[in-house]
Amino acid sequence: MSPGKAPSALNKNLIILHFTVFIWGFTGILGQLITISAVSLVWYRVLIASVSLFLYFKFNKTAFRVNKVTFFQMLFTGALVGGHWILFFAAIKLSTVSVTLVCLSSITLFTAIFEPLINKKSISKLEILVGALIISGIILIFKFETQYTKGIIAGLSSAVFASLFSIINSRFIQKNEAPVIAFYELSGAFLWTTVYLLCTHGFNHSMILKGTDIGYLLILGTICTSLAYVAGVSVMRELTAFRVALITNLEPVYGIIMSFVFFGDMNKMTGGFWVGALLILSTIFLFPVAQKRIARHKERA
């Protein structure tokens, strides 16, 4: 890529990522509306997403084979994807959409720690500071929203899984196409969720869908999963895992607004929640500013 095209490509990927994060924000709403358990919900979700991607490949006559090593790597990464979503929807059912989405903001801190370790790079002090501020916001929320302790723990655990598979995908995307990565990882998520349901006798009457569930699951599986997952992975050719994680923290903004529109969740939140949420969101917006100032200072030095 030539220097002249770099800013344009970067801006394009940022727009795609923001649109993707907006779609992800809507998944919390759907998770609240769908009546089945978190595990069953994820099983249907990844099934629909995997089938839709397979049909996409067949319809467009696109090759999607990978070597055995890559195949198994993506399949096992799918376990992280499935675990992330199960914990995410469990957190929603144990707390509220708003609390869950704010807890997901801890992805930034986890990525700031895990990405340098996995990619064998030096840890950025600025990224750790940003992550620590976001965790401070979560602690404020946790302190004042003690009735949602289990939901907060599930939400934070979900963020750990999301951070790990995002870092892994930032490496996969350098050698593979985004739809291919999405297909095998979502298929892996389907496989491991199926194994879990078999081991726990989860295939029972609790998986029976109501009329409205089918429509919500189709939206969740196609638009909010297969389409959004492909878009979210594709931008990693230009953006670091940390930058993606940082922008993903805008999901609470979109999600909480939509949660208010659909459920009036804002009426359930205490002042501590909003102080913590404000700290998290202001950190997200101020990070790029601090990054640019540090870069300019280094250039002048």
# chains A, B, ... in the order shown; residues from 1 in each chain; ligands from 1
$ closest_atom_pairs --of "range 6-58 of chain A" --to "range 82-88 of chain A" --cutoff "9 Å" --atoms "only C-alpha atoms" --output "JSON lines"
{"residue": "A:Gly28", "atom": "CA", "partner": "A:Phe88", "partner_atom": "CA", "distance": 8.4}
{"residue": "A:Ala38", "atom": "CA", "partner": "A:Ile86", "partner_atom": "CA", "distance": 5.5}
{"residue": "A:Val39", "atom": "CA", "partner": "A:Ile86", "partner_atom": "CA", "distance": 5.5}
{"residue": "A:Ser40", "atom": "CA", "partner": "A:Ile86", "partner_atom": "CA", "distance": 8.7}
{"residue": "A:Leu41", "atom": "CA", "partner": "A:Ile86", "partner_atom": "CA", "distance": 8.0}
{"residue": "A:Val42", "atom": "CA", "partner": "A:Ile86", "partner_atom": "CA", "distance": 6.1}
{"residue": "A:Trp43", "atom": "CA", "partner": "A:Gly82", "partner_atom": "CA", "distance": 8.4}
{"residue": "A:Val46", "atom": "CA", "partner": "A:Gly82", "partner_atom": "CA", "distance": 8.1}
$ write_last_selection --atoms "N, CA and C atoms" --output "CSV table (one decimal), in the first residue's frame"
chain,number,residue,atom,x,y,z
A,28,GLY,N,-27.1,-7.2,22.4
A,28,GLY,CA,-27.5,-7.2,23.7
A,28,GLY,C,-29.1,-7.1,23.8
A,38,ALA,N,-28.8,-18.9,27.7
A,38,ALA,CA,-27.6,-18.3,27.0
A,38,ALA,C,-26.9,-19.3,26.1
A,39,VAL,N,-26.7,-20.6,26.6
A,39,VAL,CA,-26.0,-21.6,25.9
A,39,VAL,C,-26.8,-22.0,24.6
A,40,SER,N,-28.1,-22.2,24.8
A,40,SER,CA,-29.0,-22.5,23.7
A,40,SER,C,-29.0,-21.4,22.6
A,41,LEU,N,-29.0,-20.2,23.1
A,41,LEU,CA,-29.0,-19.0,22.3
A,41,LEU,C,-27.8,-19.0,21.4
A,42,VAL,N,-26.6,-19.2,22.0
A,42,VAL,CA,-25.4,-19.2,21.3
A,42,VAL,C,-25.3,-20.3,20.3
A,43,TRP,N,-25.9,-21.5,20.6
A,43,TRP,CA,-25.9,-22.7,19.7
A,43,TRP,C,-26.6,-22.3,18.5
A,46,VAL,N,-24.6,-19.5,16.3
A,46,VAL,CA,-23.5,-19.9,15.5
A,46,VAL,C,-23.9,-20.9,14.4
$ closest_residue --among "A:Ala112, A:Cys103, A:Gly215, A:Gln73" --to "Ser136 in chain A" --atoms "only C-alpha atoms"
A:Cys103
$ closest_residue --among "A:Phe64, A:Gln291, A:Ala277, A:Lys298" --to "Leu140 in chain A" --atoms "only C-alpha atoms"
A:Ala277
$ select_by_dssp --residues "range 51-288 of chain A" --states "helix (DSSP H, G or I)" --output "VMD selection string"
chain A and resid 51 to 59 68 to 94 97 to 119 125 to 144 146 to 172 178 to 199 205 to 207 211 to 237 241 to 248 251 to 263 265 to 268 271 to 288
$ atom_distance --atom1 "CA of Ser158 in chain A" --atom2 "CA of Leu104 in chain A"
7.1 Å
$ atom_distance --atom1 "CA of Asn176 in chain A" --atom2 "CA of Ala245 in chain A"
20.6 Å
$ closest_residue --among "A:Lys150, A:His205, A:Lys58, A:Arg243" --to "Val130 in chain A" --atoms "only C-alpha atoms"
A:Arg243
